[in-house]
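Here's my_file.txt, which has compact mmCIF, C-alpha atoms:
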```txt
# COMPACT_ATOMS: atom_id res chain seq x y z
CA MET C 143 17.26 3.07 -15.66
CA ASN C 144 17.25 5.15 -12.48
CA LYS C 145 13.80 6.35 -11.44
CA LYS C 146 12.66 9.42 -9.54
CA ILE C 147 10.43 7.95 -6.86
CA LEU C 148 8.04 9.36 -4.28
CA ILE C 149 7.09 6.90 -1.53
CA THR C 150 4.66 7.62 1.28
CA GLY C 151 5.05 6.27 4.80
CA ALA C 152 8.82 5.98 4.41
CA THR C 153 9.57 5.75 8.14
CA GLY C 154 7.23 2.82 8.72
CA ALA C 155 8.71 -0.67 8.88
CA MET C 156 7.89 -1.59 5.28
CA GLY C 157 8.48 1.90 3.93
CA PHE C 158 11.93 1.98 5.53
CA LEU C 159 12.96 -1.23 3.77
CA MET C 160 11.48 -0.12 0.46
CA SER C 161 13.20 3.26 0.55
CA LYS C 162 16.62 1.88 1.46
CA THR C 163 16.39 -0.94 -1.09
CA LEU C 164 15.38 1.45 -3.87
CA VAL C 165 18.30 3.78 -3.13
CA GLU C 166 20.69 0.82 -2.99
CA ASN C 167 19.49 0.00 -6.51
CA GLN C 168 20.44 3.48 -7.73
CA HIS C 169 16.98 5.05 -7.70
CA ASN C 170 16.41 8.60 -6.46
CA VAL C 171 13.94 8.58 -3.59
CA VAL C 172 11.90 11.15 -1.71
CA GLY C 173 10.07 9.61 1.23
CA THR C 174 7.26 11.11 3.24
CA THR C 175 6.61 10.95 6.96
CA ARG C 176 4.26 12.85 9.22
CA SER C 177 7.21 14.12 11.26
CA VAL C 178 10.99 13.76 11.07
CA SER C 179 11.20 14.30 14.83
CA GLY C 180 9.66 12.50 17.80
CA LYS C 181 9.50 8.71 17.87
CA ARG C 182 10.55 8.44 14.22
CA GLU C 183 13.57 10.73 14.48
CA ALA C 184 16.22 7.98 14.61
CA ILE C 185 14.65 6.19 11.65
CA ALA C 186 14.42 9.44 9.71
CA LYS C 187 18.09 10.19 10.31
CA GLU C 188 19.11 6.72 9.15
CA LEU C 189 17.12 7.13 5.95
CA GLN C 190 18.61 10.55 5.31
CA SER C 191 22.12 9.22 5.89
CA SER C 192 21.39 6.60 3.22
CA GLY C 193 20.71 9.30 0.64
CA ILE C 194 16.94 9.44 0.94
CA LYS C 195 15.34 12.87 0.98
CA LEU C 196 12.55 13.09 3.56
CA ILE C 197 9.66 15.51 3.58
CA GLU C 198 6.91 15.94 6.14
CA MET C 199 3.51 15.11 4.71
CA ASP C 200 0.23 13.99 6.26
CA VAL C 201 -1.80 11.93 3.78
CA THR C 202 -5.00 12.78 5.68
CA ASP C 203 -4.61 16.50 4.91
CA ASP C 204 -5.28 17.89 1.40
CA SER C 205 -3.01 20.91 1.75
CA SER C 206 -0.17 18.88 3.24
CA VAL C 207 -0.35 16.35 0.39
CA HIS C 208 -0.41 19.02 -2.30
CA GLN C 209 2.56 20.84 -0.79
CA GLY C 210 4.42 17.59 -0.19
CA VAL C 211 4.06 16.36 -3.77
CA GLU C 212 5.14 19.73 -5.13
CA GLU C 213 8.19 19.67 -2.86
CA ALA C 214 9.03 16.14 -3.98
CA VAL C 215 8.84 17.15 -7.62
CA GLN C 216 11.23 20.02 -6.93
CA LEU C 217 13.68 17.82 -5.01
CA LEU C 218 13.65 15.11 -7.67
CA ASP C 219 13.45 17.49 -10.63
CA GLY C 220 10.41 15.57 -11.80
CA ILE C 221 8.74 12.33 -10.80
CA ASP C 222 8.56 8.90 -12.48
CA VAL C 223 7.05 6.64 -9.83
CA VAL C 224 4.58 7.13 -6.98
CA ILE C 225 4.43 4.38 -4.35
CA ASN C 226 1.37 4.58 -2.11
CA ASN C 227 2.73 2.79 0.93
CA ALA C 228 1.36 4.79 3.89
CA GLY C 229 -1.26 2.73 5.68
CA ILE C 230 -2.63 1.70 9.04
CA GLY C 231 -4.23 -1.54 10.19
CA THR C 232 -6.66 -2.48 12.89
CA ILE C 233 -8.19 -5.59 14.39
CA GLY C 234 -11.30 -6.17 16.47
CA ILE C 235 -14.89 -7.33 16.52
CA GLN C 236 -16.61 -5.47 13.69
CA GLU C 237 -19.64 -4.34 15.72
CA PHE C 238 -17.33 -2.51 18.13
CA PHE C 239 -16.09 -0.17 15.37
CA SER C 240 -17.79 3.20 15.39
CA VAL C 241 -18.04 5.09 12.12
CA GLU C 242 -15.29 7.37 13.46
CA ASP C 243 -13.03 4.35 14.07
CA MET C 244 -13.56 3.17 10.52
CA HIS C 245 -13.08 6.64 9.11
CA LYS C 246 -9.59 6.86 10.65
CA VAL C 247 -8.54 3.74 8.74
CA PHE C 248 -10.16 4.81 5.48
CA ASP C 249 -8.74 8.32 5.77
CA VAL C 250 -5.23 6.90 5.46
CA ASN C 251 -5.68 3.72 3.43
CA VAL C 252 -8.23 4.99 0.90
CA TYR C 253 -8.69 8.77 0.94
CA GLY C 254 -4.97 9.24 1.55
CA VAL C 255 -4.19 7.28 -1.60
CA GLN C 256 -6.65 9.35 -3.60
CA ARG C 257 -5.12 12.58 -2.31
CA VAL C 258 -1.61 11.54 -3.28
CA VAL C 259 -2.55 10.25 -6.72
CA ARG C 260 -4.59 13.34 -7.55
CA ALA C 261 -1.70 15.58 -6.54
CA ALA C 262 0.83 13.60 -8.60
CA LEU C 263 -1.15 12.91 -11.76
CA PRO C 264 -0.81 16.34 -13.41
CA HIS C 265 2.98 15.89 -13.31
CA LEU C 266 2.83 12.32 -14.66
CA ARG C 267 0.40 13.25 -17.44
CA LYS C 268 2.52 16.23 -18.47
CA GLN C 269 5.57 14.05 -19.07
CA GLY C 270 3.49 11.37 -20.81
CA GLN C 271 4.73 8.42 -18.78
CA GLY C 272 4.70 7.25 -15.18
CA THR C 273 4.10 4.38 -12.78
CA VAL C 274 1.80 4.29 -9.78
CA ILE C 275 2.31 1.43 -7.31
CA HIS C 276 -0.24 0.71 -4.59
CA ILE C 277 0.67 -1.35 -1.52
CA SER C 278 -2.43 -3.41 -0.80
CA SER C 279 -2.62 -6.70 1.10
CA GLY C 280 -3.39 -10.36 0.60
CA ILE C 281 -6.44 -9.69 2.77
CA GLY C 282 -7.46 -6.97 0.38
CA ARG C 283 -8.70 -9.96 -1.65
CA LEU C 284 -9.92 -12.28 1.12
CA THR C 285 -11.65 -11.42 4.37
CA PHE C 286 -10.90 -12.87 7.79
CA PRO C 287 -12.91 -12.42 11.00
CA PHE C 288 -11.81 -9.44 13.12
CA TYR C 289 -10.00 -7.77 10.19
CA GLY C 290 -13.17 -6.51 8.49
CA THR C 291 -12.42 -2.78 8.59
CA TYR C 292 -8.83 -3.21 7.41
CA CYS C 293 -9.90 -5.64 4.68
CA ALA C 294 -12.63 -3.23 3.56
CA SER C 295 -10.11 -0.41 3.22
CA LYS C 296 -7.83 -2.56 1.07
CA TYR C 297 -10.77 -3.84 -1.00
CA ALA C 298 -11.57 -0.18 -1.67
CA LEU C 299 -7.95 0.53 -2.60
CA GLU C 300 -8.01 -2.38 -5.05
CA ALA C 301 -11.17 -1.01 -6.69
CA ILE C 302 -9.65 2.46 -7.04
CA ALA C 303 -6.48 1.00 -8.53
CA GLU C 304 -8.55 -1.05 -11.02
CA SER C 305 -10.27 2.12 -12.17
CA TYR C 306 -7.04 4.10 -12.44
CA ARG C 307 -5.48 1.25 -14.39
CA ALA C 308 -7.99 1.67 -17.21
CA GLU C 309 -8.48 5.42 -17.07
CA LEU C 310 -4.77 6.30 -17.05
CA ALA C 311 -3.42 3.80 -19.58
CA GLY C 312 -4.16 6.16 -22.45
CA PHE C 313 -1.94 8.78 -20.83
CA GLY C 314 1.01 6.39 -20.64
CA ILE C 315 0.62 5.82 -16.90
CA GLU C 316 0.84 2.22 -15.70
CA SER C 317 -0.73 1.04 -12.46
CA CYS C 318 0.47 -1.83 -10.27
CA ILE C 319 -0.63 -3.40 -7.00
CA ILE C 320 1.61 -5.22 -4.52
CA GLU C 321 -0.27 -7.66 -2.28
CA PRO C 322 1.91 -8.74 0.67
CA GLY C 323 0.87 -11.36 3.13
CA ALA C 324 1.32 -10.75 6.86
CA MET C 325 4.91 -9.86 7.68
CA PRO C 326 6.73 -9.79 11.06
CA THR C 327 6.96 -6.02 11.47
CA GLU C 328 5.79 -3.43 13.98
CA PHE C 329 2.69 -2.98 11.77
CA LEU C 330 1.10 -5.96 13.54
CA ASP C 331 1.85 -4.49 16.98
CA VAL C 332 0.22 -1.22 15.94
CA MET C 333 -2.89 -3.09 14.77
CA LEU C 334 -3.44 -4.25 18.35
CA GLN C 335 -3.14 -0.65 19.55
CA LEU C 336 -5.83 0.43 17.08
CA GLN C 337 -8.57 -1.88 18.32
CA PRO C 338 -12.05 -0.29 18.34
CA LYS C 339 -12.83 1.73 21.44
CA ASP C 340 -16.58 1.07 21.72
CA GLU C 341 -16.91 -2.12 23.76
CA SER C 342 -20.32 -1.22 25.21
CA ARG C 343 -21.75 -4.33 23.52
CA SER C 344 -18.98 -6.67 24.61
CA GLN C 345 -21.16 -8.52 27.11
CA ALA C 346 -23.17 -9.98 24.24
CA TYR C 347 -20.04 -11.61 22.78
CA GLY C 348 -18.83 -13.41 25.89
CA ASP C 349 -15.40 -14.99 25.58
CA LEU C 350 -15.25 -14.08 21.87
CA ILE C 351 -14.00 -10.63 22.87
CA HIS C 352 -10.61 -12.15 23.70
CA VAL C 353 -10.19 -13.90 20.35
CA PRO C 354 -8.87 -10.98 18.24
CA GLN C 355 -5.83 -10.44 20.47
CA ALA C 356 -5.22 -14.17 20.78
CA ALA C 357 -5.46 -14.51 16.99
CA MET C 358 -2.93 -11.71 16.47
CA GLU C 359 -0.52 -13.22 18.99
CA GLY C 360 -0.87 -16.59 17.25
CA LEU C 361 -0.14 -14.97 13.90
CA GLN C 362 2.99 -13.29 15.27
CA GLN C 363 4.24 -16.62 16.61
CA ALA C 364 3.58 -18.31 13.27
CA LEU C 365 5.50 -15.60 11.44
CA GLN C 366 8.48 -15.94 13.76
CA ALA C 367 8.54 -19.64 12.91
CA ASN C 368 8.46 -18.94 9.17
CA PRO C 369 11.64 -17.08 8.10
CA ASN C 370 10.52 -17.10 4.45
CA GLN C 371 7.89 -14.51 5.37
CA ASP C 372 10.49 -11.75 5.16
CA PRO C 373 9.42 -8.10 4.66
CA GLN C 374 12.61 -7.50 2.66
CA LYS C 375 11.01 -9.58 -0.09
CA VAL C 376 8.31 -6.94 -0.51
CA ALA C 377 10.98 -4.30 -1.12
CA ASP C 378 12.76 -6.65 -3.52
CA ALA C 379 9.51 -7.25 -5.42
CA ILE C 380 9.17 -3.51 -6.03
CA VAL C 381 12.74 -3.26 -7.31
CA ASN C 382 12.08 -6.19 -9.64
CA LEU C 383 8.84 -4.62 -10.83
CA LEU C 384 10.56 -1.35 -11.70
CA ALA C 385 13.23 -3.23 -13.64
CA MET C 386 10.60 -4.63 -16.01
CA PRO C 387 9.93 -2.86 -19.33
CA PHE C 388 7.38 -0.08 -19.25
CA GLY C 389 3.91 -1.38 -20.02
CA LYS C 390 4.91 -5.00 -19.34
CA LYS C 391 4.65 -5.00 -15.57
CA PRO C 392 1.98 -7.26 -14.06
CA PHE C 393 -0.96 -5.40 -12.60
CA ARG C 394 -0.90 -7.46 -9.38
CA THR C 395 2.05 -9.05 -7.60
CA VAL C 396 1.48 -11.30 -4.57
CA VAL C 397 4.34 -11.41 -2.05
CA ASP C 398 3.60 -14.21 0.36
CA TYR C 399 5.27 -17.47 1.33
CA THR C 400 2.58 -19.04 3.52
CA PHE C 401 -0.94 -20.20 2.61
CA LEU C 402 -2.18 -17.00 0.90
CA LYS C 403 -0.08 -16.94 -2.27
CA GLU C 404 -1.75 -19.73 -4.23
CA PRO C 405 -5.42 -18.84 -3.58
CA VAL C 406 -4.88 -15.10 -4.07
CA GLU C 407 -3.00 -15.62 -7.34
CA ALA C 408 -5.74 -17.98 -8.55
CA TYR C 409 -8.35 -15.36 -7.65
CA ASN C 410 -6.36 -12.66 -9.45
CA THR C 411 -6.03 -14.77 -12.60
CA LEU C 412 -9.75 -15.49 -12.67
CA LEU C 413 -10.64 -11.83 -12.13
CA HIS C 414 -8.18 -10.79 -14.84
CA ASP C 415 -9.91 -13.06 -17.35
CA ILE C 416 -13.39 -11.92 -16.32
CA THR C 417 -12.36 -8.25 -16.49
CA ARG C 418 -10.92 -8.65 -19.99
CA LYS C 419 -14.08 -10.39 -21.23
CA LEU C 420 -16.29 -7.66 -19.79
CA TYR C 421 -14.14 -4.91 -21.33
CA VAL C 422 -14.25 -6.64 -24.72
CA ALA C 423 -18.02 -7.15 -24.47
CA ASN C 424 -18.46 -3.44 -23.77
CA GLY C 425 -16.07 -2.27 -26.49
CA MET C 426 -13.47 -0.98 -24.02
CA GLU C 427 -10.61 -3.43 -24.62
CA GLU C 428 -8.33 -0.59 -25.76
CA MET C 429 -8.38 0.71 -22.19
CA LEU C 430 -6.36 -2.32 -21.08
CA ASN C 431 -3.32 -1.69 -23.27
CA LEU C 432 -0.87 -1.44 -20.37
CA ASN C 433 0.25 -4.01 -17.74
CA GLN C 434 -1.78 -7.03 -18.77
```
Whole structure given in structure tokens:
Amino acid sequence: MNKKILITGATGAMGFLMSKTLVENQHNVVGTTRSVSGKREAIAKELQSSGIKLIEMDVTDDSSVHQGVEEAVQLLDGIDVVINNAGIGTIGIQEFFSVEDMHKVFDVNVYGVQRVVRAALPHLRKQGQGTVIHISSGIGRLTFPFYGTYCASKYALEAIAESYRAELAGFGIESCIIEPGAMPTEFLDVMLQLQPKDESRSQAYGDLIHVPQAAMEGLQQALQANPNQDPQKVADAIVNLLAMPFGKKPFRTVVDYTFLKEPVEAYNTLLHDITRKLYVANGMEEMLNLNQ
């Protein structure tokens, strides 16, 4: 069944693939971008020529998000699915991150998600059914050196999604998380550009200050050598998820073809079992009716 879908960050590398793949599978899509002009203009035009409606929306601005969601609802004549895809990454020695540096990441990856969900929920509740999909990360479950701030933002996203999962099930709204591993997209290049600015303490770290960039370059080389790690598979996973019966979709889906898939899925299974036991022990098992 065709869905009316709002997806944030549509002109980013992953958002572009998701949007085009969803439209190719007969879904109606409104994508958001901070601007349809400037460096994203060519990408925006390609999306629009594919039948995707684009709106300008800044997930770090309350008013922009509210107006953007309302516009999307008008363009789609309703809304069935919200995909929280907009996100930024960063890499660097954790001590070098100022609070302001960290806030920039959280403002998009965490607060931005909350803004979008809060703006969309009245519409989803009114119709009595809906799906919210959060794009997290394999390292929203595991933490690696130099990715601490990014990991923390995705850990926070996972916690928010866990809470929404239980609190919204009674309204007929299912929640899902996609956890991709690292993919060979421009997202990794941008992470290098968003390294922390405060290096006043760098002398104390010696040669370690060069490791984050070397680690990122090594990761990019490894990805180029592993064609299975294809970002298109993330888009395909979303299409497959939406094709599943309502209320039967898995809460978490790992999309990774390197070393992360097995440990993250094992972690997710263990957490699922622990969560269910805790809910049962506290008399709240009815709050887990959807997407088990």
Problem set entry | Within 9 Å of range 204-213 of chain C using all atoms listed in the file, minus same-chain residues under 3 positions, as a ChimeraX atom specification | /C:148,174,197-201,216-218,254,257-258,260-262
For this session: Name all residues at most 7 Å from Pro354 in chain C (count all atoms listed in the file; drop same-chain ones fewer than 6 positions away) and give them as a list in words.
Result: Ile233, Gly234 and Phe288 of chain C
For this session: Show which residues sit within 7 Å of range 303-319 of chain C, as an MDAnalysis selection string. Count only C-alpha atoms, and ignore same-chain residues fewer than 2 positions away.
Result: chainID C and resid 267 270:278 299:301 321 389 392:395 429:433
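The list of residues with at least one atom within 8 Å of Ile281 in chain C, based on all atoms listed in the file and without residues fewer than 4 positions apart in the same chain, reads Thr285, Phe286, Cys293, Lys296 and Gly323 of chain C.
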Residues of range 255-369 of chain C that have any atom at most 10 Å from an atom of range 152-168 of chain C: could you tabulate them with the shortest-distance atom pair and the distance in Å to one decimal, using all atoms listed in the file, ordered by chain and increasing number, as JSON lines?
```
{"residue": "C:Ile277", "atom": "CA", "partner": "C:Met156", "partner_atom": "CA", "distance": 9.9}
{"residue": "C:Met325", "atom": "CA", "partner": "C:Met156", "partner_atom": "CA", "distance": 9.1}
{"residue": "C:Pro326", "atom": "CA", "partner": "C:Ala155", "partner_atom": "CA", "distance": 9.6}
{"residue": "C:Thr327", "atom": "CA", "partner": "C:Ala155", "partner_atom": "CA", "distance": 6.2}
{"residue": "C:Glu328", "atom": "CA", "partner": "C:Ala155", "partner_atom": "CA", "distance": 6.5}
{"residue": "C:Phe329", "atom": "CA", "partner": "C:Ala155", "partner_atom": "CA", "distance": 7.1}
```
For this session: Find the residues near Gln355 in chain C: any atom within 10 Å, counting all atoms listed in the file, skip ones fewer than 4 places away on the same chain, and give them as a list of chain:residue names.
Result: C:Ile233, C:Gly234, C:Phe288, C:Met333, C:Leu334, C:Gln337, C:Ile351, C:Glu359, C:Gly360, C:Leu361
Residues from last step as file, C-alpha atoms, as a tab-separated table (two decimals), keeping the file's coordinate frame:
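Now in part-v6.tsv:
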```tsv
chain	number	residue	atom	x	y	z
C	233	ILE	CA	-8.19	-5.59	14.39
C	234	GLY	CA	-11.30	-6.17	16.47
C	288	PHE	CA	-11.81	-9.44	13.12
C	333	MET	CA	-2.89	-3.09	14.77
C	334	LEU	CA	-3.44	-4.25	18.35
C	337	GLN	CA	-8.57	-1.88	18.32
C	351	ILE	CA	-14.00	-10.63	22.87
C	359	GLU	CA	-0.52	-13.22	18.99
C	360	GLY	CA	-0.87	-16.59	17.25
C	361	LEU	CA	-0.14	-14.97	13.90
```
